[in-house]
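Asks: See structure_38.cif below, with mmCIF, C-alpha atoms.
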data_coords
loop_
_atom_site.label_atom_id
_atom_site.label_comp_id
_atom_site.auth_asym_id
_atom_site.auth_seq_id
_atom_site.Cartn_x
_atom_site.Cartn_y
_atom_site.Cartn_z
CA MET Y 55 18.53 -13.13 -16.52
CA LYS Y 56 16.12 -12.40 -13.67
CA LEU Y 57 13.31 -14.56 -12.34
CA LEU Y 58 10.32 -12.56 -11.06
CA VAL Y 59 7.90 -14.63 -8.99
CA GLY Y 60 4.44 -13.57 -7.86
CA LEU Y 61 2.87 -15.65 -5.09
CA GLY Y 62 -0.79 -16.54 -4.87
CA ASN Y 63 -3.30 -19.35 -5.21
CA PRO Y 64 -4.54 -20.56 -8.61
CA GLY Y 65 -8.21 -20.49 -9.54
CA ASN Y 66 -10.88 -17.87 -10.11
CA GLN Y 67 -12.21 -18.18 -6.56
CA TYR Y 68 -8.92 -16.81 -5.20
CA GLU Y 69 -8.31 -14.17 -7.84
CA GLY Y 70 -9.29 -11.15 -5.75
CA ASN Y 71 -7.84 -12.39 -2.43
CA ARG Y 72 -5.35 -10.30 -0.48
CA HIS Y 73 -3.15 -13.42 -0.48
CA ASN Y 74 -2.94 -13.07 -4.28
CA ILE Y 75 -1.42 -9.60 -4.42
CA GLY Y 76 1.81 -11.23 -5.63
CA PHE Y 77 -0.03 -12.53 -8.71
CA MET Y 78 -1.53 -9.06 -9.18
CA ALA Y 79 1.88 -7.41 -9.02
CA LEU Y 80 3.30 -9.80 -11.63
CA ASP Y 81 0.32 -9.19 -13.93
CA ALA Y 82 0.89 -5.43 -13.57
CA ILE Y 83 4.54 -5.86 -14.57
CA ALA Y 84 3.53 -7.98 -17.56
CA ARG Y 85 1.04 -5.32 -18.73
CA ALA Y 86 3.51 -2.47 -18.31
CA HIS Y 87 6.20 -4.25 -20.33
CA ASN Y 88 4.01 -5.93 -22.97
CA ILE Y 89 4.75 -9.47 -21.79
CA THR Y 90 1.69 -11.42 -22.90
CA GLN Y 91 2.57 -15.01 -23.79
CA PHE Y 92 2.06 -16.95 -20.54
CA ARG Y 93 2.14 -20.73 -20.80
CA SER Y 94 1.88 -23.65 -18.41
CA LYS Y 95 5.32 -24.98 -17.59
CA HIS Y 96 7.29 -26.13 -14.55
CA ALA Y 97 4.15 -26.30 -12.38
CA GLY Y 98 3.49 -22.63 -13.03
CA SER Y 99 2.22 -19.99 -15.42
CA LEU Y 100 5.36 -18.66 -17.09
CA ALA Y 101 6.28 -15.93 -19.58
CA GLU Y 102 9.51 -14.52 -20.96
CA GLY Y 103 10.26 -10.92 -21.83
CA THR Y 104 12.68 -8.03 -21.47
CA ILE Y 105 12.80 -5.26 -18.87
CA ALA Y 106 15.49 -2.57 -18.77
CA GLY Y 107 17.37 -4.42 -21.48
CA GLU Y 108 17.60 -7.63 -19.46
CA LYS Y 109 15.82 -10.90 -20.13
CA VAL Y 110 13.28 -11.80 -17.46
CA ILE Y 111 11.15 -14.82 -16.62
CA LEU Y 112 7.79 -14.09 -15.00
CA LEU Y 113 6.39 -16.94 -12.90
CA LYS Y 114 3.11 -17.49 -11.09
CA PRO Y 115 3.33 -20.90 -9.36
CA GLN Y 116 0.17 -22.96 -9.84
CA THR Y 117 0.90 -25.34 -6.97
CA PHE Y 118 -1.05 -23.42 -4.30
CA MET Y 119 0.76 -21.20 -1.84
CA ASN Y 120 2.23 -23.78 0.50
CA ARG Y 121 4.03 -25.55 -2.36
CA SER Y 122 5.25 -22.48 -4.25
CA GLY Y 123 8.85 -23.58 -3.85
CA ASP Y 124 8.32 -26.62 -6.10
CA SER Y 125 7.67 -24.41 -9.13
CA VAL Y 126 10.29 -21.79 -8.25
CA GLN Y 127 12.99 -24.45 -7.81
CA GLN Y 128 12.13 -26.11 -11.14
CA VAL Y 129 12.32 -22.83 -13.08
CA ALA Y 130 15.52 -21.70 -11.35
CA LYS Y 131 17.17 -25.04 -12.10
CA PHE Y 132 16.02 -25.20 -15.73
CA TYR Y 133 17.18 -21.66 -16.56
CA LYS Y 134 20.22 -21.82 -14.25
CA ILE Y 135 19.15 -18.75 -12.28
CA GLU Y 136 20.93 -18.05 -8.98
CA PRO Y 137 18.95 -16.97 -5.87
CA ALA Y 138 20.53 -13.48 -6.11
CA ASP Y 139 18.68 -13.05 -9.44
CA ILE Y 140 15.27 -14.12 -8.10
CA ILE Y 141 12.69 -11.52 -6.98
CA VAL Y 142 9.58 -12.69 -5.12
CA PHE Y 143 6.44 -10.55 -4.66
CA TYR Y 144 4.10 -11.51 -1.82
CA ASP Y 145 1.56 -10.23 0.72
CA GLU Y 146 2.85 -8.94 4.05
CA LEU Y 147 0.60 -8.81 7.11
CA ASP Y 148 3.08 -6.77 9.14
CA LEU Y 149 2.98 -3.78 6.79
CA ALA Y 150 0.14 -1.30 6.52
CA PRO Y 151 -1.98 -1.59 3.37
CA GLY Y 152 -0.13 -0.11 0.40
CA LYS Y 153 3.27 0.02 2.08
CA VAL Y 154 6.13 -1.77 0.32
CA ARG Y 155 9.51 -2.94 1.57
CA VAL Y 156 12.28 -4.70 -0.34
CA LYS Y 157 14.87 -6.85 1.38
CA ILE Y 158 17.28 -9.69 0.66
CA GLY Y 159 17.26 -12.75 2.91
CA GLY Y 160 15.72 -12.91 6.34
CA GLY Y 161 13.00 -15.03 7.89
CA ASN Y 162 9.73 -16.12 6.32
CA GLY Y 163 7.52 -14.29 8.84
CA GLY Y 164 5.13 -17.24 8.88
CA HIS Y 165 4.31 -16.85 5.17
CA ASN Y 166 3.54 -20.28 3.69
CA GLY Y 167 4.90 -19.37 0.27
CA LEU Y 168 8.29 -18.40 1.66
CA ARG Y 169 8.30 -21.44 3.93
CA SER Y 170 8.11 -23.56 0.79
CA ILE Y 171 10.66 -21.56 -1.21
CA ASP Y 172 13.42 -21.17 1.41
CA PRO Y 173 14.41 -24.85 1.79
CA GLN Y 174 14.55 -25.31 -2.00
CA ILE Y 175 16.61 -22.33 -3.19
CA GLY Y 176 18.07 -20.86 0.00
CA LEU Y 177 17.43 -17.48 1.62
CA ASP Y 178 19.46 -15.09 -0.53
CA TYR Y 179 16.74 -13.99 -2.92
CA LYS Y 180 15.06 -10.58 -3.06
CA ARG Y 181 11.70 -10.22 -1.36
CA VAL Y 182 9.19 -7.49 -2.27
CA ARG Y 183 6.82 -7.28 0.71
CA LEU Y 184 3.44 -5.82 -0.23
CA GLY Y 185 1.51 -4.61 2.82
CA ILE Y 186 -2.07 -5.78 3.33
CA GLY Y 187 -2.38 -4.88 7.04
CA HIS Y 188 -2.88 -7.13 10.07
CA PRO Y 189 -6.48 -7.70 11.27
CA GLY Y 190 -5.56 -9.35 14.57
CA LYS Y 191 -4.37 -12.92 15.13
CA GLU Y 192 -7.82 -14.51 15.26
CA TYR Y 193 -8.85 -13.01 11.91
CA VAL Y 194 -5.71 -13.69 9.83
CA THR Y 195 -7.07 -16.56 7.72
CA HIS Y 196 -10.29 -14.75 6.86
CA HIS Y 197 -8.30 -11.60 6.07
CA VAL Y 198 -5.71 -13.07 3.72
CA LEU Y 199 -8.19 -15.36 1.97
CA GLY Y 200 -10.76 -12.58 1.70
CA ASP Y 201 -11.06 -10.30 -1.30
CA PHE Y 202 -9.81 -6.75 -1.28
CA ALA Y 203 -12.65 -4.39 -0.39
CA LYS Y 204 -13.94 -1.90 -2.92
CA ALA Y 205 -12.40 0.94 -0.90
CA ASP Y 206 -8.99 -0.75 -1.16
CA GLN Y 207 -8.92 0.00 -4.87
CA ASP Y 208 -8.14 3.64 -4.01
CA TRP Y 209 -4.60 2.56 -3.08
CA LEU Y 210 -4.30 -0.88 -4.67
CA ALA Y 211 -4.80 0.08 -8.32
CA PRO Y 212 -2.28 2.99 -8.24
CA LEU Y 213 0.20 0.82 -6.33
CA LEU Y 214 0.05 -2.02 -8.86
CA ASP Y 215 0.40 0.42 -11.75
CA SER Y 216 3.46 1.93 -10.07
CA ILE Y 217 5.01 -1.51 -9.50
CA GLY Y 218 4.65 -2.22 -13.20
CA LYS Y 219 5.96 1.16 -14.24
CA HIS Y 220 9.04 1.09 -12.00
CA ALA Y 221 9.94 -2.63 -12.16
CA ASP Y 222 13.03 -1.65 -14.16
CA MET Y 223 14.50 -0.15 -10.98
CA LEU Y 224 14.30 -3.53 -9.25
CA ILE Y 225 15.93 -5.20 -12.22
CA LYS Y 226 18.80 -2.69 -12.07
CA GLY Y 227 19.22 -3.20 -8.32
CA ASP Y 228 17.91 0.23 -7.29
CA ASP Y 229 15.72 -1.08 -4.49
CA SER Y 230 15.66 2.21 -2.56
CA GLY Y 231 14.63 4.14 -5.65
CA PHE Y 232 11.87 1.62 -6.33
CA MET Y 233 10.51 1.95 -2.78
CA ASN Y 234 10.65 5.74 -2.99
CA LYS Y 235 8.65 5.78 -6.22
CA LEU Y 236 5.99 3.54 -4.71
CA ALA Y 237 5.90 5.59 -1.51
CA LEU Y 238 5.17 8.71 -3.55
CA THR Y 239 2.30 6.89 -5.22
CA THR Y 240 0.69 5.76 -1.97
CA ARG Y 241 1.28 9.13 -0.32
CA ALA Y 242 -0.59 10.85 -3.14
CA THR Y 243 -3.60 8.56 -2.65
CA ASP Y 244 -3.53 9.16 1.12
CA GLU Y 245 -3.64 12.94 0.86
CA PRO Y 246 -7.12 14.41 1.38
CA ALA Y 247 -8.65 16.52 -1.33
CA GLU Y 248 -7.74 20.17 -1.07
CA LYS Y 249 -10.27 22.04 1.00
CA SER Y 250 -11.91 25.11 -0.46
CA ALA Y 251 -11.04 28.40 1.13
CA PRO Y 252 -13.47 29.57 3.80
CA LYS Y 253 -16.06 32.06 2.65
CA ALA Y 254 -15.30 35.68 3.38
CA GLN Y 255 -17.12 37.18 6.32
CA SER Y 256 -20.18 39.05 5.14
CA HIS Y 257 -19.84 41.61 7.87
CA ILE Y 258 -17.50 42.60 10.66
CA ARG Y 259 -18.93 42.57 14.10
CA GLN Y 260 -18.71 46.00 15.59
CA ALA Y 261 -18.00 46.43 19.26
CA ARG Y 262 -20.81 48.11 21.08
CA PRO Y 263 -19.89 51.29 22.84
CA ALA Y 264 -20.03 50.89 26.55
CA LYS Y 265 -22.49 52.95 28.52
CA PRO Y 266 -20.82 55.99 29.94
CA GLN Y 267 -19.48 55.35 33.37
CA VAL Y 268 -20.92 58.27 35.30
CA LYS Y 269 -20.12 58.65 38.93
CA LEU Y 270 -23.34 59.54 40.67
CA PRO Y 271 -23.56 61.69 43.70
CA GLU Y 272 -24.09 59.76 46.89
CA ALA Y 273 -27.39 61.46 47.83
CA GLY Y 274 -29.61 64.46 47.32
CA PRO Y 275 -32.09 65.67 44.67
CA MET Y 276 -29.43 65.74 41.93
CA ALA Y 277 -28.51 62.13 42.67
CA ASN Y 278 -32.11 60.99 42.31
CA MET Y 279 -32.47 62.80 38.97
CA LEU Y 280 -29.25 61.31 37.56
CA LYS Y 281 -30.27 57.79 38.63
CA LYS Y 282 -33.47 58.16 36.64
CA LEU Y 283 -31.47 59.26 33.56
CA PHE Y 284 -28.59 56.69 33.67
CA GLY Y 285 -30.04 53.81 35.70
CA SER Y 286 -29.29 52.67 39.16
CA ASP Y 287 -26.82 49.96 38.09
CA HIS Y 288 -24.09 52.48 37.54
#
Reformat the file's structure so that it appears as structure tokens.
Replies:
Amino acid sequence: MKLLVGLGNPGNQYEGNRHNIGFMALDAIARAHNITQFRSKHAGSLAEGTIAGEKVILLKPQTFMNRSGDSVQQVAKFYKIEPADIIVFYDELDLAPGKVRVKIGGGNGGHNGLRSIDPQIGLDYKRVRLGIGHPGKEYVTHHVLGDFAKADQDWLAPLLDSIGKHADMLIKGDDSGFMNKLALTTRATDEPAEKSAPKAQSHIRQARPAKPQVKLPEAGPMANMLKKLFGSDH
């Protein structure tokens, strides 16, 4: 059994926040695998289903971000799920928007959700870091608690769809394959539209024939006549 946790803040006012991309990722997985029956339990919104032939628990803690660990610990204890079988999806400031990295263990990077989870279940769980970009230290709070911009949907919607579609790779332990699939998705959205071929030239510029270089006599009647015919600049 695997426990998939999406981090975010509960409530409609936070629904579109960058900080809630973990919730969004979990919802995308639920849609892709027809997991629909969420219920309130263990201080979270919880659903059970099957992915890649394995039973999974989907959890969105409803404790607010800085107490996410309370819900995660309760579910892990109730279902007897080890940290190695827990996968947490969350927003990552230190990755460019749309970039995804998967790792096991490590520090919390200042993320309040991980700060709450780590002391309660340990560090050896899988982390799916979903890049939202870093706006600069003084703008972090406004950035993470601000909604995704309309332009962000160009990469966000395909990314979430791809997370849902390829979640089975995470369940099977193919983390590199999962990241590769998502990278292909974001790369496709980054590529500019193909430019049309330049119009054919309507004409070819012809080189003008140079004036004949005639050596004029130095002086005399013939020289004067030739200067009148060919110009004095030659």
Asks: So how many Å separate CA of Leu113 (chain Y) and CA of Asp206 (chain Y), to one decimal?
Replies: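 Interatomic distance, CA of Leu113 (chain Y) to CA of Asp206 (chain Y): 25.2 Å.
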Asks: For a quick check of understanding, using only C-alpha atoms, which of Y:Gly164, Y:Gly107, Y:Gly200, Y:Pro173 has the smallest distance to Gly70 (chain Y)?
Replies: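 Nearest candidate to Gly70 (chain Y) out of Y:Gly164, Y:Gly107, Y:Gly200, Y:Pro173: Y:Gly200.
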Asks: Skip Leu147 (chain Y) itself and residues of its chain fewer than 2 positions away, then list as a PyMOL selection string all residues within 7 Å of it, counting all atoms listed in the file.
Replies: chain Y and resi 145+149+185-188
Asks: Pick from Y:Gly62, Y:Gly152, Y:Gly161, Y:Gly76: nearest to Ala237 (chain Y), with only C-alpha atoms counted?
Replies: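 Among the listed residues, the smallest separation from Ala237 (chain Y) belongs to Y:Gly152.
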Asks: Kindly indicate which residue among Y:Leu238, Y:Ile105, Y:Met223, Y:Ala203 lies nearest to Arg72 (chain Y), using all atoms listed in the file for the distances.
Replies: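 Of the candidates, the smallest distance to Arg72 (chain Y) is held by Y:Ala203.
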Asks: Quick one: which residues end up in the PyMOL selection byres ((chain Y and resi 56) around 6) for this structure, as a PyMOL selection string?
Replies: chain Y and resi 55+57+110+139-140
Asks: Take the selection from the previous step and output its residues with C-alpha atoms, as a compact mmCIF listing (two decimals), in the frame of the given file.
Replies:
# COMPACT_ATOMS: atom_id res chain seq x y z
CA MET Y 55 18.53 -13.13 -16.52
CA LEU Y 57 13.31 -14.56 -12.34
CA VAL Y 110 13.28 -11.80 -17.46
CA ASP Y 139 18.68 -13.05 -9.44
CA ILE Y 140 15.27 -14.12 -8.10
Asks: Pick out the closest residue to Gln128 (chain Y) from this set: Y:Leu177, Y:Ala106, Y:Val194, Y:Ala97. Count all atoms listed in the file.
Replies: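 When distances to Gln128 (chain Y) are compared using all atoms listed in the file, the smallest one comes from Y:Ala97.
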Asks: Any idea what the distance is between CA of Lys180 (chain Y) and CA of Ala82 (chain Y)?
Replies: 18.4 Å
Asks: Could you please determine the separation between CA of Thr240 (chain Y) and CA of Leu184 (chain Y) in Å, to one decimal place?
Replies: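 Going from CA of Thr240 (chain Y) over to CA of Leu184 (chain Y) covers 12.0 Å.
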Asks: Y:Ile175, Y:Val182, Y:Met78, Y:Met119: which is nearest Ile141 (chain Y), counting all atoms listed in the file?
Replies: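 The closest residue to Ile141 (chain Y) is Y:Val182.
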